[in-house]
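Trainee: After the structure tokens below, expect a handful of questions from me.
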Amino acid sequence: MTGDFSEAQEYLSAVLDDGMALEFIPDEFKTAELCAAAVKSNPEALEFVPDGLKSAQLILSAVREVPGVLQFVPDELKTFEICLVAVQGDGFVLGFVPENLKTPELCVVAVQQDCYALNFVPEEFRTPELCRIAILLDCVGFALKYVPEELKTPEICLAAVQKSSSALHFVPEELMSPEIFQAAVLNDGYALGHTPVEWRTPELCLAAVETSGGALGYVPQALRTPDICLAAVRQDGRALYFVPDELKTRELCFIAVRQTAEALEYVPEELKTPELLELAGH
């Protein structure tokens, strides 16, 4: 008995020092008190608490601190309250919420916390309003991927592309338009590279290089005019790399090198004057 008490004290000391030590403690020594101490020390220790000792209070205390531990809770122990607390802290854990506990209200909370939680929202709850919330919160451009095809309107797609040009990948072909591509290149000029060649108009190309000079590399050769090349090197001198040799004038090279000394690498040898070298710091 004394030995068991001593061992129990050692286990308690171990989990107080590091809750994850619970993983290595024999189940016969895992009491409610010991598990509570472990979870308090490290909420992720909930993974190693026997299901029979996972009380609602213990689970709530864990998910408040680390919402992701919801994945270690058996579905039969998940309540609406527990799931709500979890998604309030991390919307993406909606993926661990049982379908029968997913309500429209819970899904709104989850998506407002993490727009990519839309991926785990039941189809019947993916309303135009909820999809718009996700799109407006998305800064990377992938939320549009989880919008049902029938809800992908020109307005939703435009809003998505205005937030991130990466959303262009998820715009249905039939909804592609000059407005969509214009929004994409104004957000990131390199989106020109994902624009079908037949849509790359002089106006679109100019907008792209004014946003990202290096997008000149995606401008069709026939459209690399003096004006477009000038706009590109003004934005990023390194775009000089994509300027046709016959358009690399002394003035254009000077503008490019003034923008960044790195552009000197793309200046023809015959145009590397002492003044230009001095400008580049050579």
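Letters A, B, ... mark the chains of the structure tokens in the order given; residue numbers begin at 1 per chain; ligand numbers begin at 1, in order shown.
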Compile the contact shell of segment 156-159 of chain A as a VMD selection string: residues with an atom at most 12 Å away, counting only C-alpha atoms, same-chain residues fewer than 3 positions apart removed.
Mentor: chain A and resid 127 to 139 141 to 145 147 to 153 162 to 184 187
Trainee: Would you save the residues from that selection as a PDB file, in the first residue's frame, using C-alpha atoms?
Mentor:
```pdb
ATOM      1  CA  THR A 127     -25.952  29.593 -47.681  1.00  0.00           C
ATOM      2  CA  PRO A 128     -24.962  32.528 -49.904  1.00  0.00           C
ATOM      3  CA  GLU A 129     -24.584  34.628 -46.744  1.00  0.00           C
ATOM      4  CA  LEU A 130     -22.261  32.130 -45.058  1.00  0.00           C
ATOM      5  CA  CYS A 131     -20.196  31.713 -48.204  1.00  0.00           C
ATOM      6  CA  ARG A 132     -19.837  35.468 -48.504  1.00  0.00           C
ATOM      7  CA  ILE A 133     -18.621  35.648 -44.887  1.00  0.00           C
ATOM      8  CA  ALA A 134     -15.986  33.043 -45.691  1.00  0.00           C
ATOM      9  CA  ILE A 135     -14.894  34.815 -48.868  1.00  0.00           C
ATOM     10  CA  LEU A 136     -14.551  38.198 -47.179  1.00  0.00           C
ATOM     11  CA  LEU A 137     -12.454  36.705 -44.369  1.00  0.00           C
ATOM     12  CA  ASP A 138     -10.197  34.769 -46.716  1.00  0.00           C
ATOM     13  CA  CYS A 139      -6.772  36.280 -47.406  1.00  0.00           C
ATOM     14  CA  GLY A 141      -7.907  32.476 -51.721  1.00  0.00           C
ATOM     15  CA  PHE A 142      -8.995  28.927 -50.978  1.00  0.00           C
ATOM     16  CA  ALA A 143     -12.401  29.546 -49.397  1.00  0.00           C
ATOM     17  CA  LEU A 144     -13.984  29.731 -52.854  1.00  0.00           C
ATOM     18  CA  LYS A 145     -13.011  26.081 -53.270  1.00  0.00           C
ATOM     19  CA  VAL A 147     -18.426  27.224 -52.058  1.00  0.00           C
ATOM     20  CA  PRO A 148     -20.976  24.968 -53.792  1.00  0.00           C
ATOM     21  CA  GLU A 149     -20.871  25.360 -57.565  1.00  0.00           C
ATOM     22  CA  GLU A 150     -24.479  26.541 -57.675  1.00  0.00           C
ATOM     23  CA  LEU A 151     -23.591  29.386 -55.285  1.00  0.00           C
ATOM     24  CA  LYS A 152     -20.587  30.595 -57.248  1.00  0.00           C
ATOM     25  CA  THR A 153     -22.068  33.761 -58.687  1.00  0.00           C
ATOM     26  CA  GLN A 162     -10.376  40.821 -55.054  1.00  0.00           C
ATOM     27  CA  LYS A 163      -9.279  39.343 -51.714  1.00  0.00           C
ATOM     28  CA  SER A 164      -6.727  36.987 -53.239  1.00  0.00           C
ATOM     29  CA  SER A 165      -5.783  36.260 -56.828  1.00  0.00           C
ATOM     30  CA  SER A 166      -5.299  32.593 -55.838  1.00  0.00           C
ATOM     31  CA  ALA A 167      -9.091  32.290 -55.842  1.00  0.00           C
ATOM     32  CA  LEU A 168      -8.871  32.492 -59.629  1.00  0.00           C
ATOM     33  CA  HIS A 169      -8.124  28.736 -59.602  1.00  0.00           C
ATOM     34  CA  PHE A 170     -11.631  28.043 -58.285  1.00  0.00           C
ATOM     35  CA  VAL A 171     -13.658  30.322 -60.550  1.00  0.00           C
ATOM     36  CA  PRO A 172     -15.779  28.273 -62.986  1.00  0.00           C
ATOM     37  CA  GLU A 173     -14.744  28.756 -66.597  1.00  0.00           C
ATOM     38  CA  GLU A 174     -18.171  30.058 -67.544  1.00  0.00           C
ATOM     39  CA  LEU A 175     -17.814  32.883 -65.001  1.00  0.00           C
ATOM     40  CA  MET A 176     -14.439  34.114 -66.244  1.00  0.00           C
ATOM     41  CA  SER A 177     -14.702  37.731 -67.327  1.00  0.00           C
ATOM     42  CA  PRO A 178     -12.520  40.797 -67.932  1.00  0.00           C
ATOM     43  CA  GLU A 179     -13.628  42.092 -64.508  1.00  0.00           C
ATOM     44  CA  ILE A 180     -12.479  38.888 -62.792  1.00  0.00           C
ATOM     45  CA  PHE A 181      -9.050  38.941 -64.446  1.00  0.00           C
ATOM     46  CA  GLN A 182      -8.662  42.674 -63.843  1.00  0.00           C
ATOM     47  CA  ALA A 183      -9.375  42.154 -60.141  1.00  0.00           C
ATOM     48  CA  ALA A 184      -6.890  39.291 -60.031  1.00  0.00           C
ATOM     49  CA  ASN A 187      -4.345  42.063 -56.421  1.00  0.00           C
TER      50      ASN A 187
END
```
Trainee: Residues within 8 Å of segment 207-213 of chain A, please, as an MDAnalysis selection string. Count only C-alpha atoms; anything in the same chain fewer than 4 positions from it doesn't count.
Mentor: chainID A and resid 182 185:192 203 228 231:239
Trainee: Segment 54-176 of chain A: which residues are helix (DSSP H, G or I) by DSSP, as number ranges by chain?
Mentor: A: 56-65, 67-72, 75-77, 80-89, 91-96, 99-101, 104-113, 115-120, 123-125, 128-137, 143-146, 149-151, 154-163, 165-170, 173-175
Trainee: Those same residues - C-alpha atoms - I'd like them written as a PDB file, in the first residue's frame.
Mentor:
```
ATOM      1  CA  ALA A  56     -17.767  17.311 -19.364  1.00  0.00           C
ATOM      2  CA  GLN A  57     -15.938  19.683 -17.033  1.00  0.00           C
ATOM      3  CA  LEU A  58     -12.541  18.200 -17.899  1.00  0.00           C
ATOM      4  CA  ILE A  59     -13.262  18.321 -21.613  1.00  0.00           C
ATOM      5  CA  LEU A  60     -14.484  21.906 -21.436  1.00  0.00           C
ATOM      6  CA  SER A  61     -11.400  23.031 -19.545  1.00  0.00           C
ATOM      7  CA  ALA A  62      -9.194  21.399 -22.191  1.00  0.00           C
ATOM      8  CA  VAL A  63     -10.952  22.714 -25.307  1.00  0.00           C
ATOM      9  CA  ARG A  64     -11.047  26.236 -23.884  1.00  0.00           C
ATOM     10  CA  GLU A  65      -7.267  26.214 -23.827  1.00  0.00           C
ATOM     11  CA  PRO A  67      -9.633  23.673 -29.113  1.00  0.00           C
ATOM     12  CA  GLY A  68      -7.959  21.017 -31.234  1.00  0.00           C
ATOM     13  CA  VAL A  69      -8.136  18.439 -28.424  1.00  0.00           C
ATOM     14  CA  LEU A  70     -11.775  18.012 -29.416  1.00  0.00           C
ATOM     15  CA  GLN A  71     -10.450  15.313 -31.720  1.00  0.00           C
ATOM     16  CA  PHE A  72      -9.606  13.203 -28.655  1.00  0.00           C
ATOM     17  CA  ASP A  75     -18.472  11.560 -30.259  1.00  0.00           C
ATOM     18  CA  GLU A  76     -20.809  10.296 -27.554  1.00  0.00           C
ATOM     19  CA  LEU A  77     -19.177  12.684 -25.057  1.00  0.00           C
ATOM     20  CA  PHE A  80     -23.278  21.249 -28.236  1.00  0.00           C
ATOM     21  CA  GLU A  81     -21.730  23.385 -25.484  1.00  0.00           C
ATOM     22  CA  ILE A  82     -18.366  21.640 -25.773  1.00  0.00           C
ATOM     23  CA  CYS A  83     -18.361  21.976 -29.557  1.00  0.00           C
ATOM     24  CA  LEU A  84     -19.390  25.627 -29.396  1.00  0.00           C
ATOM     25  CA  VAL A  85     -16.535  26.455 -27.032  1.00  0.00           C
ATOM     26  CA  ALA A  86     -14.136  24.588 -29.314  1.00  0.00           C
ATOM     27  CA  VAL A  87     -15.142  26.342 -32.566  1.00  0.00           C
ATOM     28  CA  GLN A  88     -15.167  29.714 -30.835  1.00  0.00           C
ATOM     29  CA  GLY A  89     -11.464  29.167 -30.214  1.00  0.00           C
ATOM     30  CA  GLY A  91     -13.246  27.329 -36.264  1.00  0.00           C
ATOM     31  CA  PHE A  92     -11.364  24.622 -38.129  1.00  0.00           C
ATOM     32  CA  VAL A  93     -12.170  22.058 -35.416  1.00  0.00           C
ATOM     33  CA  LEU A  94     -15.670  22.028 -36.876  1.00  0.00           C
ATOM     34  CA  GLY A  95     -14.214  19.045 -38.692  1.00  0.00           C
ATOM     35  CA  PHE A  96     -14.323  17.131 -35.376  1.00  0.00           C
ATOM     36  CA  GLU A  99     -22.891  15.984 -37.950  1.00  0.00           C
ATOM     37  CA  ASN A 100     -25.875  15.810 -35.579  1.00  0.00           C
ATOM     38  CA  LEU A 101     -24.432  18.695 -33.524  1.00  0.00           C
ATOM     39  CA  PRO A 104     -26.536  26.761 -38.725  1.00  0.00           C
ATOM     40  CA  GLU A 105     -25.552  28.898 -35.710  1.00  0.00           C
ATOM     41  CA  LEU A 106     -22.561  26.714 -34.846  1.00  0.00           C
ATOM     42  CA  CYS A 107     -21.385  26.769 -38.451  1.00  0.00           C
ATOM     43  CA  VAL A 108     -21.578  30.571 -38.583  1.00  0.00           C
ATOM     44  CA  VAL A 109     -19.451  30.830 -35.449  1.00  0.00           C
ATOM     45  CA  ALA A 110     -16.905  28.403 -36.900  1.00  0.00           C
ATOM     46  CA  VAL A 111     -16.625  30.161 -40.271  1.00  0.00           C
ATOM     47  CA  GLN A 112     -16.352  33.572 -38.644  1.00  0.00           C
ATOM     48  CA  GLN A 113     -13.424  32.251 -36.627  1.00  0.00           C
ATOM     49  CA  CYS A 115     -13.105  30.866 -43.073  1.00  0.00           C
ATOM     50  CA  TYR A 116     -11.797  27.442 -44.092  1.00  0.00           C
ATOM     51  CA  ALA A 117     -14.231  25.814 -41.673  1.00  0.00           C
ATOM     52  CA  LEU A 118     -16.625  26.210 -44.597  1.00  0.00           C
ATOM     53  CA  ASN A 119     -15.136  22.933 -45.796  1.00  0.00           C
ATOM     54  CA  PHE A 120     -16.835  21.152 -42.880  1.00  0.00           C
ATOM     55  CA  GLU A 123     -24.150  21.425 -47.803  1.00  0.00           C
ATOM     56  CA  GLU A 124     -27.593  22.450 -46.579  1.00  0.00           C
ATOM     57  CA  PHE A 125     -26.055  25.106 -44.315  1.00  0.00           C
ATOM     58  CA  PRO A 128     -24.962  32.528 -49.904  1.00  0.00           C
ATOM     59  CA  GLU A 129     -24.584  34.628 -46.744  1.00  0.00           C
ATOM     60  CA  LEU A 130     -22.261  32.130 -45.058  1.00  0.00           C
ATOM     61  CA  CYS A 131     -20.196  31.713 -48.204  1.00  0.00           C
ATOM     62  CA  ARG A 132     -19.837  35.468 -48.504  1.00  0.00           C
ATOM     63  CA  ILE A 133     -18.621  35.648 -44.887  1.00  0.00           C
ATOM     64  CA  ALA A 134     -15.986  33.043 -45.691  1.00  0.00           C
ATOM     65  CA  ILE A 135     -14.894  34.815 -48.868  1.00  0.00           C
ATOM     66  CA  LEU A 136     -14.551  38.198 -47.179  1.00  0.00           C
ATOM     67  CA  LEU A 137     -12.454  36.705 -44.369  1.00  0.00           C
ATOM     68  CA  ALA A 143     -12.401  29.546 -49.397  1.00  0.00           C
ATOM     69  CA  LEU A 144     -13.984  29.731 -52.854  1.00  0.00           C
ATOM     70  CA  LYS A 145     -13.011  26.081 -53.270  1.00  0.00           C
ATOM     71  CA  TYR A 146     -15.593  25.157 -50.626  1.00  0.00           C
ATOM     72  CA  GLU A 149     -20.871  25.360 -57.565  1.00  0.00           C
ATOM     73  CA  GLU A 150     -24.479  26.541 -57.675  1.00  0.00           C
ATOM     74  CA  LEU A 151     -23.591  29.386 -55.285  1.00  0.00           C
ATOM     75  CA  PRO A 154     -20.115  36.449 -60.562  1.00  0.00           C
ATOM     76  CA  GLU A 155     -20.366  38.627 -57.443  1.00  0.00           C
ATOM     77  CA  ILE A 156     -19.016  35.926 -55.098  1.00  0.00           C
ATOM     78  CA  CYS A 157     -16.181  35.054 -57.479  1.00  0.00           C
ATOM     79  CA  LEU A 158     -15.248  38.704 -57.973  1.00  0.00           C
ATOM     80  CA  ALA A 159     -15.188  39.283 -54.212  1.00  0.00           C
ATOM     81  CA  ALA A 160     -12.969  36.220 -53.768  1.00  0.00           C
ATOM     82  CA  VAL A 161     -10.487  37.290 -56.438  1.00  0.00           C
ATOM     83  CA  GLN A 162     -10.376  40.821 -55.054  1.00  0.00           C
ATOM     84  CA  LYS A 163      -9.279  39.343 -51.714  1.00  0.00           C
ATOM     85  CA  SER A 165      -5.783  36.260 -56.828  1.00  0.00           C
ATOM     86  CA  SER A 166      -5.299  32.593 -55.838  1.00  0.00           C
ATOM     87  CA  ALA A 167      -9.091  32.290 -55.842  1.00  0.00           C
ATOM     88  CA  LEU A 168      -8.871  32.492 -59.629  1.00  0.00           C
ATOM     89  CA  HIS A 169      -8.124  28.736 -59.602  1.00  0.00           C
ATOM     90  CA  PHE A 170     -11.631  28.043 -58.285  1.00  0.00           C
ATOM     91  CA  GLU A 173     -14.744  28.756 -66.597  1.00  0.00           C
ATOM     92  CA  GLU A 174     -18.171  30.058 -67.544  1.00  0.00           C
ATOM     93  CA  LEU A 175     -17.814  32.883 -65.001  1.00  0.00           C
TER      94      LEU A 175
END
```
Trainee: Just give me the gap between atom CA of Gly281 of chain A and atom CA of Val243 of chain A in Å, one decimal is fine.
Mentor: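 Computing it gives 22.7 Å between the two atoms.
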Trainee: Tell me which protein, DNA and RNA residues are within 8 Å of Val219 of chain A, counting only C-alpha atoms, leaving out same-chain ones fewer than 4 positions away, and put them as a list in words.
Mentor: Leu192, Arg200, Cys205, Ala215, Leu223 and Arg224 of chain A
Trainee: Counting only C-alpha atoms, figure out which residue out of A:Ala38, A:Arg258, A:Glu246, A:Pro226 gets nearest to Phe24 of chain A.
Mentor: A:Ala38
Trainee: Would you compute the distance between atom CA of Pro122 of chain A and atom CA of Val140 of chain A? Give it in Å to one decimal.
Mentor: 22.3 Å
